[in-house]
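First the structure, in the form of structure tokens, and then the observations on it.
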Amino acid sequence: MSNNLFPPLRLEHWKETRDTLHKYAQMLGAIREKLSKPQPHWWHISLRVSERGLTTTPILKDKDSLICSFEIILDLNNHKLIIEPNYREQKQIVLTGQSLCALCDETCSLLKDIGVNLTLDDDKFTDGSPCKYDSMAVSDYWKALKEIDRILNKFRSELVGEKSPVQLWPHHFDMSMSWFSGRLVPGKDPDDADSSEEQLMFGFSTGDTTIPDAYFYTLAYPLPEELTGIQMPQGSYWNNEGFQGGVLMYENLLSEDNPEETLLNYFRTVQSIGAELMK
């Protein structure tokens with residue numbers, strides 16, 4: 001049984017396609033990183049959910065430019081890679097499961113056409129093996145991702161204090177946001193935001209070697225010892241295999257009458273207790 005918000009996403013049914021999207025997202029993240037000024041917490045390499053799919057958000061044509069910019073979008077609705085400059089015509093590549101190397105070469109060529117000279121010299125972008133691209137599986141993922149992004153942003157809007165954007169991380173292909181307590185971690189360099197800022201993280205993974213199916217997670221840095229023993233909301237549990245954090249399986253939402261409230265309750269409960277422990 002499933003509801004209208006969340007289609008089935010059993011990883012065994014679309015893993016090869018998921019891995020293809022992961023590779024394509026890594027390419028977009030690498031382009032964004034190479035052409036963007038560094039931001040705290042590596043926010044300059046992450047992607048965002050837009051109305052069409054995953055986007056780099058606008059990137060300046062030149063780092064010193066204040067006018068000309070372009071955006072690269074993995075259009076998961078129409079199955080295209082779109083390069084959208086604000087100063088030239090749009091460029092498109094149809095996604096068919098082409099190898100990462102082929103997509104990278106064509107993308108860099110189209111970027112050159114709009115005046116952006118870029119070379120991705122990382123060995124992982126030389127993979128010439130064909131990829132699997134099941135458009136129906138991508139559409140299901142896109143349907144779920146839009147809802148999860150909306151719910152995460154709703155949860156984010158409820159929180160007081162500093163918080164990150166809701167963003168997709170190309171290296172792990174998970175989507176998350178962070179809430180910061182405002183406290184510094186003792187013994188860490190206060191100028192190193194990545195290691196010195198106490199935080200709670202809330203996210204979604206399509207599955208990995210630790211949990212081989214889609215799940216929602218909650219993490220804390222550093223981890224308050226008392227958090228590991230809390231009463232988790234119904235349907236979720238505390239995970240100690242591979243990582244320590246709360247887990248709610250995506251599949252649990254499929255039979256829920258109100259999956260949005262189930263997910264929000266999971267995030268709210270952990271955040272409320274975690275924030276209290278971080279005072």
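Chain labels follow the order of the structure tokens: the first chain is A, the next B, and so on; residue numbering restarts at 1 in every chain, and ligands are counted from 1 in their shown order.
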Excluding Lys15 (chain A) and residues on its chain fewer than 3 positions from it, collect all residues at most 12 Å away from it, counting only C-alpha atoms, and give them as a PDB file with N, CA and C atoms, in the first residue's frame.
ATOM      1  N   LEU A   9      10.200   3.242  -3.038  1.00  0.00           N
ATOM      2  CA  LEU A   9      11.582   3.544  -3.453  1.00  0.00           C
ATOM      3  C   LEU A   9      12.516   2.431  -3.006  1.00  0.00           C
ATOM      4  N   ARG A  10      12.099   1.188  -3.132  1.00  0.00           N
ATOM      5  CA  ARG A  10      12.977   0.090  -2.741  1.00  0.00           C
ATOM      6  C   ARG A  10      14.253   0.155  -3.571  1.00  0.00           C
ATOM      7  N   LEU A  11      15.391   0.273  -2.901  1.00  0.00           N
ATOM      8  CA  LEU A  11      16.649   0.515  -3.601  1.00  0.00           C
ATOM      9  C   LEU A  11      16.993  -0.605  -4.568  1.00  0.00           C
ATOM     10  N   GLU A  12      16.635  -1.848  -4.232  1.00  0.00           N
ATOM     11  CA  GLU A  12      16.957  -2.980  -5.103  1.00  0.00           C
ATOM     12  C   GLU A  12      16.302  -2.833  -6.480  1.00  0.00           C
ATOM     13  N   ARG A  18      19.792   4.984  -9.497  1.00  0.00           N
ATOM     14  CA  ARG A  18      20.195   5.863  -8.396  1.00  0.00           C
ATOM     15  C   ARG A  18      21.679   6.183  -8.480  1.00  0.00           C
ATOM     16  N   ASP A  19      22.489   5.161  -8.763  1.00  0.00           N
ATOM     17  CA  ASP A  19      23.934   5.373  -8.867  1.00  0.00           C
ATOM     18  C   ASP A  19      24.273   6.315 -10.026  1.00  0.00           C
ATOM     19  N   THR A  20      23.492   6.232 -11.108  1.00  0.00           N
ATOM     20  CA  THR A  20      23.696   7.145 -12.238  1.00  0.00           C
ATOM     21  C   THR A  20      23.425   8.585 -11.819  1.00  0.00           C
ATOM     22  N   LEU A  21      22.293   8.804 -11.153  1.00  0.00           N
ATOM     23  CA  LEU A  21      21.981  10.152 -10.676  1.00  0.00           C
ATOM     24  C   LEU A  21      23.047  10.660  -9.709  1.00  0.00           C
ATOM     25  N   HIS A  22      23.543   9.747  -8.872  1.00  0.00           N
ATOM     26  CA  HIS A  22      24.602  10.103  -7.920  1.00  0.00           C
ATOM     27  C   HIS A  22      25.831  10.621  -8.675  1.00  0.00           C
ATOM     28  N   CYS A 131      25.742   3.987 -18.354  1.00  0.00           N
ATOM     29  CA  CYS A 131      24.970   4.025 -17.123  1.00  0.00           C
ATOM     30  C   CYS A 131      23.531   3.592 -17.374  1.00  0.00           C
ATOM     31  N   LYS A 132      22.877   3.178 -16.324  1.00  0.00           N
ATOM     32  CA  LYS A 132      21.457   2.821 -16.387  1.00  0.00           C
ATOM     33  C   LYS A 132      20.645   4.057 -16.025  1.00  0.00           C
ATOM     34  N   TYR A 133      19.631   4.363 -16.852  1.00  0.00           N
ATOM     35  CA  TYR A 133      18.764   5.507 -16.565  1.00  0.00           C
ATOM     36  C   TYR A 133      17.328   5.112 -16.854  1.00  0.00           C
ATOM     37  N   ASP A 134      16.612   4.740 -15.794  1.00  0.00           N
ATOM     38  CA  ASP A 134      15.205   4.364 -15.892  1.00  0.00           C
ATOM     39  C   ASP A 134      14.379   5.611 -15.583  1.00  0.00           C
ATOM     40  N   ALA A 137      11.779   5.345 -12.779  1.00  0.00           N
ATOM     41  CA  ALA A 137      12.376   5.331 -11.441  1.00  0.00           C
ATOM     42  C   ALA A 137      12.813   6.732 -11.039  1.00  0.00           C
ATOM     43  N   VAL A 138      13.368   7.474 -11.990  1.00  0.00           N
ATOM     44  CA  VAL A 138      13.779   8.858 -11.708  1.00  0.00           C
ATOM     45  C   VAL A 138      12.559   9.707 -11.349  1.00  0.00           C
ATOM     46  N   TYR A 141      11.539   8.964  -7.798  1.00  0.00           N
ATOM     47  CA  TYR A 141      12.475   9.613  -6.875  1.00  0.00           C
ATOM     48  C   TYR A 141      12.202  11.110  -6.810  1.00  0.00           C
ATOM     49  N   THR A 206      18.844   7.685   0.221  1.00  0.00           N
ATOM     50  CA  THR A 206      18.189   6.665  -0.600  1.00  0.00           C
ATOM     51  C   THR A 206      18.654   5.260  -0.229  1.00  0.00           C
ATOM     52  N   GLY A 207      19.623   5.163   0.685  1.00  0.00           N
ATOM     53  CA  GLY A 207      20.168   3.873   1.091  1.00  0.00           C
ATOM     54  C   GLY A 207      21.670   3.833   0.859  1.00  0.00           C
ATOM     55  N   ASP A 208      22.376   3.040   1.660  1.00  0.00           N
ATOM     56  CA  ASP A 208      23.823   2.967   1.560  1.00  0.00           C
ATOM     57  C   ASP A 208      24.299   1.619   2.091  1.00  0.00           C
ATOM     58  N   PRO A 212      20.699  -0.544   3.659  1.00  0.00           N
ATOM     59  CA  PRO A 212      20.531  -0.693   2.214  1.00  0.00           C
ATOM     60  C   PRO A 212      19.118  -0.427   1.720  1.00  0.00           C
ATOM     61  N   ASP A 213      18.492   0.632   2.188  1.00  0.00           N
ATOM     62  CA  ASP A 213      17.196   1.057   1.698  1.00  0.00           C
ATOM     63  C   ASP A 213      16.975   2.502   2.141  1.00  0.00           C
ATOM     64  N   ALA A 214      15.993   3.166   1.575  1.00  0.00           N
ATOM     65  CA  ALA A 214      15.781   4.584   1.857  1.00  0.00           C
ATOM     66  C   ALA A 214      15.390   4.808   3.314  1.00  0.00           C
TER      67      ALA A 214
END
6 Å contact set for Ile82 (chain A), only C-alpha atoms, chain neighbours under 5 positions out, as JSON, numbers by chain: {"A": [72, 73, 91, 92]}
One-decimal distance in Å that lies between CA of Gln199 (chain A) and CA of Val185 (chain A):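 If I compute the distance from CA of Val185 (chain A) to CA of Gln199 (chain A), I get 9.6 Å.
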Got a sec: who's within 6 Å of Leu200 (chain A), counting only C-alpha atoms, leaving out chain neighbours fewer than 5 positions off, as a PDB file with N, CA and C atoms, in the first residue's frame?
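Below you can see part-v6.pdb, which holds the result:
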ATOM      1  N   SER A 178      20.844  21.428   8.746  1.00  0.00           N
ATOM      2  CA  SER A 178      21.426  21.444  10.085  1.00  0.00           C
ATOM      3  C   SER A 178      20.848  22.594  10.899  1.00  0.00           C
ATOM      4  N   TRP A 179      20.694  22.348  12.186  1.00  0.00           N
ATOM      5  CA  TRP A 179      20.341  23.384  13.155  1.00  0.00           C
ATOM      6  C   TRP A 179      21.527  23.545  14.095  1.00  0.00           C
ATOM      7  N   LEU A 219      21.111  13.245  13.291  1.00  0.00           N
ATOM      8  CA  LEU A 219      22.460  13.120  13.822  1.00  0.00           C
ATOM      9  C   LEU A 219      22.757  14.313  14.730  1.00  0.00           C
ATOM     10  N   ALA A 220      23.719  14.136  15.607  1.00  0.00           N
ATOM     11  CA  ALA A 220      24.152  15.230  16.482  1.00  0.00           C
ATOM     12  C   ALA A 220      25.667  15.301  16.478  1.00  0.00           C
TER      13      ALA A 220
END
Nearby residues (only C-alpha atoms) at most 12 Å from Cys68 (chain A), same-chain spacing under 2 positions excluded, as an NGL selection string: :A and (58-66 or 70-71 or 84-88 or 114-116)
Residue contacts of Leu95 (chain A) (8 Å, only C-alpha atoms) excluding same-chain residues fewer than 3 positions away, as a list in words: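 Once the adjacent positions are removed, what remains is His79, Lys80, Leu81, Gln98 and Tyr133 of chain A.
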Please write the residues from the selection above to a file, keeping N, CA and C atoms, as a PDB file, in the first residue's frame.
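Result file selection.pdb:
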ATOM      1  N   HIS A  79      13.983  14.950 -17.764  1.00  0.00           N
ATOM      2  CA  HIS A  79      15.152  14.094 -17.995  1.00  0.00           C
ATOM      3  C   HIS A  79      16.162  14.753 -18.936  1.00  0.00           C
ATOM      4  N   LYS A  80      16.579  15.934 -18.497  1.00  0.00           N
ATOM      5  CA  LYS A  80      17.574  16.694 -19.252  1.00  0.00           C
ATOM      6  C   LYS A  80      18.557  17.346 -18.289  1.00  0.00           C
ATOM      7  N   LEU A  81      19.758  17.615 -18.762  1.00  0.00           N
ATOM      8  CA  LEU A  81      20.673  18.524 -18.086  1.00  0.00           C
ATOM      9  C   LEU A  81      20.550  19.859 -18.806  1.00  0.00           C
ATOM     10  N   GLN A  98      23.967   8.089 -20.556  1.00  0.00           N
ATOM     11  CA  GLN A  98      25.304   8.216 -21.106  1.00  0.00           C
ATOM     12  C   GLN A  98      26.337   8.112 -19.974  1.00  0.00           C
ATOM     13  N   TYR A 133      19.631   4.363 -16.852  1.00  0.00           N
ATOM     14  CA  TYR A 133      18.764   5.507 -16.565  1.00  0.00           C
ATOM     15  C   TYR A 133      17.328   5.112 -16.854  1.00  0.00           C
TER      16      TYR A 133
END
Atomic separation - CA of Pro224 (chain A) relative to CA of Leu277 (chain A), Å: 6.9 Å
Strand (DSSP E) positions in region 2-222 of chain A, given as a PyMOL selection string: chain A and resi 48-49+53-55+59-60+69-75+80-85+91-94+167-169+174-184+197-205+215-221
Could those selected residues go to a file with N, CA and C atoms, as a short mmCIF file (atom, residue, chain, number, x, y, z; two decimals), in the first residue's frame?
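Generated file (part_7.cif):
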data_model
loop_
_atom_site.label_atom_id
_atom_site.label_comp_id
_atom_site.auth_asym_id
_atom_site.auth_seq_id
_atom_site.Cartn_x
_atom_site.Cartn_y
_atom_site.Cartn_z
N ARG A 48 20.61 22.20 -4.68
CA ARG A 48 19.31 22.52 -4.11
C ARG A 48 18.20 21.90 -4.96
N VAL A 49 17.05 21.71 -4.35
CA VAL A 49 15.88 21.26 -5.09
C VAL A 49 15.16 22.49 -5.64
N GLY A 53 14.12 20.15 -10.65
CA GLY A 53 15.02 19.06 -10.27
C GLY A 53 16.09 19.56 -9.32
N LEU A 54 17.32 19.12 -9.55
CA LEU A 54 18.45 19.52 -8.72
C LEU A 54 19.24 20.61 -9.43
N THR A 55 19.57 21.66 -8.70
CA THR A 55 20.24 22.80 -9.33
C THR A 55 21.49 23.21 -8.56
N ILE A 59 25.58 30.49 -10.69
CA ILE A 59 27.03 30.58 -10.50
C ILE A 59 27.53 31.73 -11.36
N LEU A 60 28.35 32.57 -10.79
CA LEU A 60 28.90 33.68 -11.57
C LEU A 60 29.78 33.16 -12.69
N SER A 69 25.72 35.27 -14.95
CA SER A 69 25.71 34.03 -14.20
C SER A 69 25.01 32.94 -15.01
N PHE A 70 25.20 31.72 -14.59
CA PHE A 70 24.52 30.59 -15.23
C PHE A 70 24.15 29.58 -14.14
N GLU A 71 23.21 28.73 -14.47
CA GLU A 71 22.72 27.71 -13.54
C GLU A 71 22.69 26.39 -14.29
N ILE A 72 23.11 25.32 -13.62
CA ILE A 72 23.01 23.99 -14.22
C ILE A 72 21.96 23.20 -13.45
N ILE A 73 21.03 22.61 -14.19
CA ILE A 73 19.90 21.92 -13.59
C ILE A 73 19.83 20.49 -14.09
N LEU A 74 19.75 19.54 -13.17
CA LEU A 74 19.37 18.18 -13.55
C LEU A 74 17.85 18.17 -13.54
N ASP A 75 17.25 18.32 -14.70
CA ASP A 75 15.80 18.38 -14.82
C ASP A 75 15.26 16.95 -14.70
N LYS A 80 16.58 15.93 -18.50
CA LYS A 80 17.57 16.69 -19.25
C LYS A 80 18.56 17.35 -18.29
N LEU A 81 19.76 17.61 -18.76
CA LEU A 81 20.67 18.52 -18.09
C LEU A 81 20.55 19.86 -18.81
N ILE A 82 20.26 20.90 -18.05
CA ILE A 82 20.03 22.22 -18.63
C ILE A 82 21.07 23.20 -18.11
N ILE A 83 21.68 23.92 -19.02
CA ILE A 83 22.57 25.03 -18.67
C ILE A 83 21.83 26.30 -19.03
N GLU A 84 21.56 27.11 -18.03
CA GLU A 84 20.70 28.28 -18.22
C GLU A 84 21.45 29.56 -17.85
N PRO A 85 22.08 30.22 -18.81
CA PRO A 85 22.75 31.50 -18.53
C PRO A 85 21.73 32.64 -18.50
N LYS A 91 21.11 25.92 -22.98
CA LYS A 91 21.71 24.72 -23.58
C LYS A 91 21.11 23.49 -22.89
N GLN A 92 20.92 22.40 -23.64
CA GLN A 92 20.31 21.21 -23.08
C GLN A 92 21.02 19.94 -23.53
N ILE A 93 21.01 18.95 -22.64
CA ILE A 93 21.50 17.61 -22.96
C ILE A 93 20.44 16.63 -22.48
N VAL A 94 19.96 15.77 -23.35
CA VAL A 94 18.98 14.75 -22.96
C VAL A 94 19.71 13.67 -22.17
N GLN A 167 19.65 21.04 1.61
CA GLN A 167 20.54 20.86 0.47
C GLN A 167 20.86 19.40 0.22
N LEU A 168 21.15 19.09 -1.03
CA LEU A 168 21.55 17.73 -1.39
C LEU A 168 23.06 17.69 -1.54
N TRP A 169 23.66 16.70 -0.87
CA TRP A 169 25.12 16.57 -0.88
C TRP A 169 25.53 15.59 -1.96
N ASP A 174 22.71 12.41 -0.32
CA ASP A 174 21.67 12.53 0.69
C ASP A 174 21.27 13.99 0.82
N MET A 175 20.05 14.23 1.27
CA MET A 175 19.55 15.59 1.44
C MET A 175 19.39 15.86 2.93
N SER A 176 19.82 17.04 3.38
CA SER A 176 19.76 17.32 4.81
C SER A 176 19.73 18.81 5.08
N MET A 177 19.49 19.14 6.34
CA MET A 177 19.65 20.49 6.86
C MET A 177 20.20 20.37 8.27
N SER A 178 20.84 21.43 8.75
CA SER A 178 21.43 21.44 10.09
C SER A 178 20.85 22.59 10.90
N TRP A 179 20.69 22.35 12.19
CA TRP A 179 20.34 23.38 13.16
C TRP A 179 21.53 23.55 14.10
N PHE A 180 21.94 24.80 14.34
CA PHE A 180 23.11 25.08 15.17
C PHE A 180 22.67 25.60 16.53
N SER A 181 23.26 25.04 17.59
CA SER A 181 22.87 25.42 18.95
C SER A 181 23.38 26.79 19.34
N GLY A 182 24.42 27.27 18.64
CA GLY A 182 25.05 28.54 19.00
C GLY A 182 26.25 28.36 19.92
N ARG A 183 26.52 27.11 20.32
CA ARG A 183 27.67 26.85 21.20
C ARG A 183 28.84 26.31 20.39
N LEU A 184 30.04 26.59 20.87
CA LEU A 184 31.25 26.05 20.26
C LEU A 184 31.63 24.75 20.96
N GLU A 197 31.31 24.04 15.51
CA GLU A 197 29.94 24.47 15.78
C GLU A 197 29.05 23.28 16.13
N GLU A 198 28.47 23.32 17.32
CA GLU A 198 27.58 22.26 17.79
C GLU A 198 26.29 22.29 16.95
N GLN A 199 25.83 21.10 16.54
CA GLN A 199 24.69 21.08 15.63
C GLN A 199 23.92 19.77 15.66
N LEU A 200 22.68 19.84 15.18
CA LEU A 200 21.84 18.67 14.92
C LEU A 200 21.56 18.64 13.43
N MET A 201 21.55 17.43 12.86
CA MET A 201 21.33 17.28 11.42
C MET A 201 20.12 16.39 11.17
N PHE A 202 19.35 16.74 10.15
CA PHE A 202 18.12 16.03 9.81
C PHE A 202 18.13 15.77 8.30
N GLY A 203 17.99 14.50 7.90
CA GLY A 203 18.15 14.25 6.48
C GLY A 203 17.47 13.01 5.96
N PHE A 204 17.73 12.77 4.66
CA PHE A 204 17.14 11.66 3.91
C PHE A 204 18.21 11.02 3.05
N SER A 205 18.30 9.70 3.10
CA SER A 205 19.22 8.94 2.26
C SER A 205 18.43 7.91 1.46
N TYR A 215 15.94 5.86 3.91
CA TYR A 215 15.64 6.16 5.31
C TYR A 215 15.86 7.64 5.61
N PHE A 216 15.21 8.09 6.70
CA PHE A 216 15.43 9.42 7.24
C PHE A 216 16.33 9.30 8.47
N TYR A 217 17.20 10.28 8.66
CA TYR A 217 18.13 10.20 9.79
C TYR A 217 18.16 11.50 10.59
N THR A 218 18.58 11.35 11.84
CA THR A 218 18.88 12.49 12.70
C THR A 218 20.24 12.24 13.33
N LEU A 219 21.11 13.24 13.29
CA LEU A 219 22.46 13.12 13.82
C LEU A 219 22.76 14.31 14.73
N ALA A 220 23.72 14.14 15.61
CA ALA A 220 24.15 15.23 16.48
C ALA A 220 25.67 15.30 16.48
N TYR A 221 26.19 16.55 16.46
CA TYR A 221 27.64 16.75 16.57
C TYR A 221 27.92 17.87 17.56
#
Pro8 (chain A) environment, 12 Å, only C-alpha atoms, sequence neighbours closer than 2 positions dropped, as JSON, numbers by chain: {"A": [1, 2, 3, 4, 5, 6, 10, 11, 12, 13, 14, 136, 137, 138, 139, 140, 141, 142, 143, 144, 206, 213, 214, 249, 250, 251, 252, 253, 254, 255]}
Kindly export the residues of the current selection with N, CA and C atoms, as a CSV table (one decimal), in the first residue's frame.
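Result file follows (out.csv):
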chain,number,residue,atom,x,y,z
A,1,MET,N,0.8,-1.2,0.0
A,1,MET,CA,0.0,0.0,0.0
A,1,MET,C,0.9,1.2,0.0
A,2,SER,N,0.5,2.3,-0.8
A,2,SER,CA,1.3,3.5,-0.8
A,2,SER,C,0.3,4.7,-0.8
A,3,ASN,N,0.8,5.9,-0.4
A,3,ASN,CA,0.0,7.0,-0.4
A,3,ASN,C,0.3,7.9,-1.6
A,4,ASN,N,-0.4,9.1,-1.7
A,4,ASN,CA,-0.1,9.9,-2.9
A,4,ASN,C,1.2,10.7,-2.8
A,5,LEU,N,1.7,10.9,-1.6
A,5,LEU,CA,2.9,11.7,-1.4
A,5,LEU,C,4.2,10.9,-1.7
A,6,PHE,N,4.3,9.7,-1.3
A,6,PHE,CA,5.5,9.0,-1.4
A,6,PHE,C,5.4,7.7,-2.2
A,10,ARG,N,12.1,1.2,-3.1
A,10,ARG,CA,13.0,0.1,-2.7
A,10,ARG,C,14.3,0.2,-3.6
A,11,LEU,N,15.4,0.3,-2.9
A,11,LEU,CA,16.6,0.5,-3.6
A,11,LEU,C,17.0,-0.6,-4.6
A,12,GLU,N,16.6,-1.8,-4.2
A,12,GLU,CA,17.0,-3.0,-5.1
A,12,GLU,C,16.3,-2.8,-6.5
A,13,HIS,N,15.2,-2.0,-6.5
A,13,HIS,CA,14.5,-1.9,-7.8
A,13,HIS,C,15.1,-0.8,-8.7
A,14,TRP,N,15.9,0.1,-8.1
A,14,TRP,CA,16.4,1.2,-9.0
A,14,TRP,C,17.8,1.6,-8.6
A,136,MET,N,11.2,6.2,-15.4
A,136,MET,CA,10.1,6.0,-14.4
A,136,MET,C,10.6,6.0,-13.0
A,137,ALA,N,11.8,5.3,-12.8
A,137,ALA,CA,12.4,5.3,-11.4
A,137,ALA,C,12.8,6.7,-11.0
A,138,VAL,N,13.4,7.5,-12.0
A,138,VAL,CA,13.8,8.9,-11.7
A,138,VAL,C,12.6,9.7,-11.3
A,139,SER,N,11.5,9.5,-12.1
A,139,SER,CA,10.2,10.3,-11.8
A,139,SER,C,9.7,10.0,-10.4
A,140,ASP,N,9.8,8.7,-10.0
A,140,ASP,CA,9.3,8.3,-8.6
A,140,ASP,C,10.2,9.0,-7.6
A,141,TYR,N,11.5,9.0,-7.8
A,141,TYR,CA,12.5,9.6,-6.9
A,141,TYR,C,12.2,11.1,-6.8
A,142,TRP,N,12.0,11.7,-8.0
A,142,TRP,CA,11.7,13.1,-8.0
A,142,TRP,C,10.4,13.5,-7.3
A,143,LYS,N,9.4,12.7,-7.4
A,143,LYS,CA,8.1,12.9,-6.7
A,143,LYS,C,8.4,12.9,-5.2
A,144,ALA,N,9.1,11.9,-4.7
A,144,ALA,CA,9.4,11.8,-3.3
A,144,ALA,C,10.3,12.9,-2.8
A,206,THR,N,18.8,7.7,0.2
A,206,THR,CA,18.2,6.7,-0.6
A,206,THR,C,18.7,5.3,-0.2
A,213,ASP,N,18.5,0.6,2.2
A,213,ASP,CA,17.2,1.1,1.7
A,213,ASP,C,17.0,2.5,2.1
A,214,ALA,N,16.0,3.2,1.6
A,214,ALA,CA,15.8,4.6,1.9
A,214,ALA,C,15.4,4.8,3.3
A,249,MET,N,12.7,4.5,8.7
A,249,MET,CA,12.7,4.0,7.4
A,249,MET,C,11.6,4.7,6.5
A,250,TYR,N,12.0,5.0,5.3
A,250,TYR,CA,11.1,5.6,4.3
A,250,TYR,C,9.9,4.8,4.1
A,251,GLU,N,10.1,3.5,4.0
A,251,GLU,CA,9.0,2.6,3.7
A,251,GLU,C,7.9,2.6,4.8
A,252,ASN,N,8.2,3.0,6.0
A,252,ASN,CA,7.2,3.1,7.0
A,252,ASN,C,6.2,4.2,6.7
A,253,LEU,N,6.5,5.2,5.9
A,253,LEU,CA,5.6,6.2,5.6
A,253,LEU,C,4.5,5.8,4.6
A,254,LEU,N,4.8,4.7,3.8
A,254,LEU,CA,4.0,4.4,2.7
A,254,LEU,C,2.6,4.0,3.1
A,255,SER,N,2.4,3.5,4.3
A,255,SER,CA,1.1,3.0,4.8
A,255,SER,C,0.5,4.0,5.8
Residues of region 51-269 of chain A in helix (DSSP H, G or I), written as a PyMOL selection string: chain A and resi 100-113+123-126+135-158+193-196+225-229+250-255+259-269
Non-local contacts of Thr262 (chain A) (10 Å; only C-alpha atoms; under 4 positions in same chain excluded) as a count of residues only: 12
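Of note, CA of Cys104 (chain A) and CA of Phe125 (chain A) are spaced 6.9 Å apart.
If only C-alpha atoms are the atoms counted, then among A:Leu76, A:Ile45, A:Lys34, A:Asp149 the closest residue to Asp121 (chain A) is A:Lys34.
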